[in-house]
Amino acid sequence: MTNIWESHKLSIIAVGLALIGLMSSMVVIPEEEQAVVVRTGNPVRVINRFQPDVPFGETGAGVVLRIPLVEQVIRIDKRVLDLDMSQQQVLSSDQQRLLVDAYARFRIIDPVQMVESAGTTDGVRLQLEPILNSVLRQELGRRTFAAMLTAERGDAMSNITSKLDDQARRYGAQVIDVRIKQTDLPTGAPLAAAFTRMETDREREARTIRAQGQRDARIIRAEADAEAARIYAESFGKDPGFYDFYRAMQSYDKTFAQGEDQGESSIILSPDNEYLRQFRGRR
Amino acid sequence: MSTFGAIAKNIGLAMAGKNPWGGKSDSSDGPSGSGGGSDSDSGGSEKPKGPRNPWLPGSGGGGGEEPRRSANIEDIFKKRGPEGPRKGGGGPGGPNFQFPQRPGGKSWLPVAIGVVALAWVGTTSIHFVQPKEQGVVTTLGKFSRTFNPGTNWTLPAPFESVYIENVSEVRAFRIPEGSEGEKLILTGDQNLVNLSYLIRWNINDLSLYKFRLAKPIETVKQAAEAAMRSAVAEKTLDDTFSGEGRAQIEERVRTRMQAILDGYKAGITVQGVEIDKTDPPEQVSDAFKDVSAAEQDADAARNRSRGVAQQILAAAEGETAAFDKVYEQYRLAPEVTRQRLYYETMERVLSQTDKTIVETNGVTTYLPLPEIRKRAQAAPPASPPAAVEGQ
């Protein structure tokens, strides 16, 4: 080891220096990133800029040469980034409040402009967040509460996206879309009112169901009564006279029969009575 | 044992004054010495061989009579180890270790470099890709190719790097995470529903997944939430409880999520969305339970009525059937049957009652009216003659 060092001292140092020089002039830009090369304060070129239709591997990622010490490379994320909005209270056109939680997705399409206007992607986020808030509030505030809930369906989201995109272009960013992640009722009175409404709604439903049950029960009984009457009429109507007699017999049986819970009966008969017709042995 | 104790004491004394580590090693000497006393004899005897403690002044060892008095670094480390004094001092792995001589008398350096290089290539350029997996190769950061299952080769580590991910595995996450917690979602009729669901997804294009999205998993979750909220907002509360409504919501969430993710070119396929719970919010669940109780009540009332109805009909059928039978016989011999029925009934009736026959024409009959009246108070008096004569 020492021998090699002693005999090739100069060349080793030269190789080492060359390596260091090469290393400092080579920059690896991975596929996920784009970079702006800044020479003494001026952005001179963009590496691996986002282009929508160029397949991976042909966008310019990889090893890039720069002039050491003079050129500075600023790396910028090339991927789709998220901008998460903090929860906002939005007032609908019919004066109801809704807590809205939205997010936006954006990417940097003009790194030079981004570096000049916002500095970093976090800077872009900082700039865009208040814009997103106000655009969202404006756009949703023109709708009724019910329409706000289904804002995803209508043109609200595309309006918001295009408005935010207009602003974002100034920072070299492109807004891909804006979505409402969450819509909630503010806690306190609005939420309590909603619960009360749900509760009373269910009470009404419960009452209705019980009443319907009673009604159905009544109808079922009445139908049975009617059917029974029909059956009786059909059968007894064949001979009303005989039915009268037959039923009277049953009735006497029941009325005069001795049994529990029944009063004792006494019958005073006249000898002229039909039953006693034969009593005197006449005829 | 006793000799060791003395040594330890001496060391302790020597270090207490001069050794910068003294305070600490002093306190740990005692217990470790007594714990591993049998081992420490050899350690003690080897002491003078080790390097000297650089913090001790030269005269410390030159005191003459006791060379042991000066502690050296090796000693200290021997005794401070967590396992107590080490056995055997230096040993083959110790500071005096030397490679065995190579047969030719040459240096081991080329061999060592070769081994390291082999390990480098072996660990970073052979990649075994499992059948479910896909790999993405980047050459100095630049996307170069994808891997298929099997054995794949790349240039070693800093030049090419590989990102292997399981792509056919279906990943799942639940919203809200964990089983507890309420996630209230507003429905189209401005009610709230507590809903939890499962999203299943997998990667369909690893390079898109890796290079397009900054936070892929986060993105999937947010897309799921946005899609679910908007799908539920299109439905009424009752729809979310019904099986059909749930199926529709699931399908809409899936297609909408897929559209959102495709918009990002995320390289993700949404396999399915399963709603596993739709509950009314906790605060109003009693009212909801009362609705199902009401349904039960209504059913109970209907059932009771049906029972009564069956009873009424059965009674009617029975009664008419009896009448019909008798009537059939009556028609065969009306007069006789009629008389027979009359007499039989009278027999039954009169045999069970008190009878009084009153002759008309001027016979005065004593009627025990009070008694009759007394009886009559229990049951309303019938008017028997009229009843009988009514026939």
# chains A, B, ... in the order shown; residues from 1 in each chain; ligands from 1

$ select_by_dssp --residues "range 161-379 of chain B" --states "helix (DSSP H, G or I)" --output "VMD selection string"
chain B and resid 206 to 212 216 to 233 237 to 241 243 to 263 282 to 332 334 to 351 369 to 378

$ residues_around --residues "range 293-304 of chain B" --least-positions-apart "6" --cutoff "6 Å" --atoms "only C-alpha atoms" --output "number ranges by chain"
A: 206, 209-210, 213, 217

$ interface_residues --of "chain B" --to "chain A" --cutoff "7 Å" --atoms "only C-alpha atoms" --output "PyMOL selection string"
chain B and resi 139-144+186+188+191+211-214+222+225-226+229-230+233-234+284+287-288+290-291+294-295+297-299+301-302+305-306+308-309+312-313+316-317+320+324+342+345+349+352-359+375+378-379+384-385+389

$ residues_around --residues "range 36-41 of chain A" --least-positions-apart "5" --cutoff "7 Å" --atoms "only C-alpha atoms" --output "mmCIF file with C-alpha atoms, in the first residue's frame"
data_model
loop_
_atom_site.group_PDB
_atom_site.id
_atom_site.type_symbol
_atom_site.label_atom_id
_atom_site.label_comp_id
_atom_site.auth_asym_id
_atom_site.auth_seq_id
_atom_site.Cartn_x
_atom_site.Cartn_y
_atom_site.Cartn_z
ATOM 1 C CA VAL A 46 -34.444 23.421 -17.581
ATOM 2 C CA ILE A 47 -33.739 19.743 -17.287
ATOM 3 C CA VAL A 70 -20.809 28.582 -11.302
ATOM 4 C CA GLU A 71 -23.989 26.763 -12.078
ATOM 5 C CA GLN A 72 -26.440 25.845 -9.437
ATOM 6 C CA VAL A 73 -29.094 23.184 -9.874
ATOM 7 C CA ILE A 74 -32.475 23.669 -8.272
ATOM 8 C CA ARG A 75 -34.484 20.492 -8.096
ATOM 9 C CA PRO A 111 -40.027 25.415 -13.421
ATOM 10 C CA VAL A 112 -38.297 28.683 -14.314
#
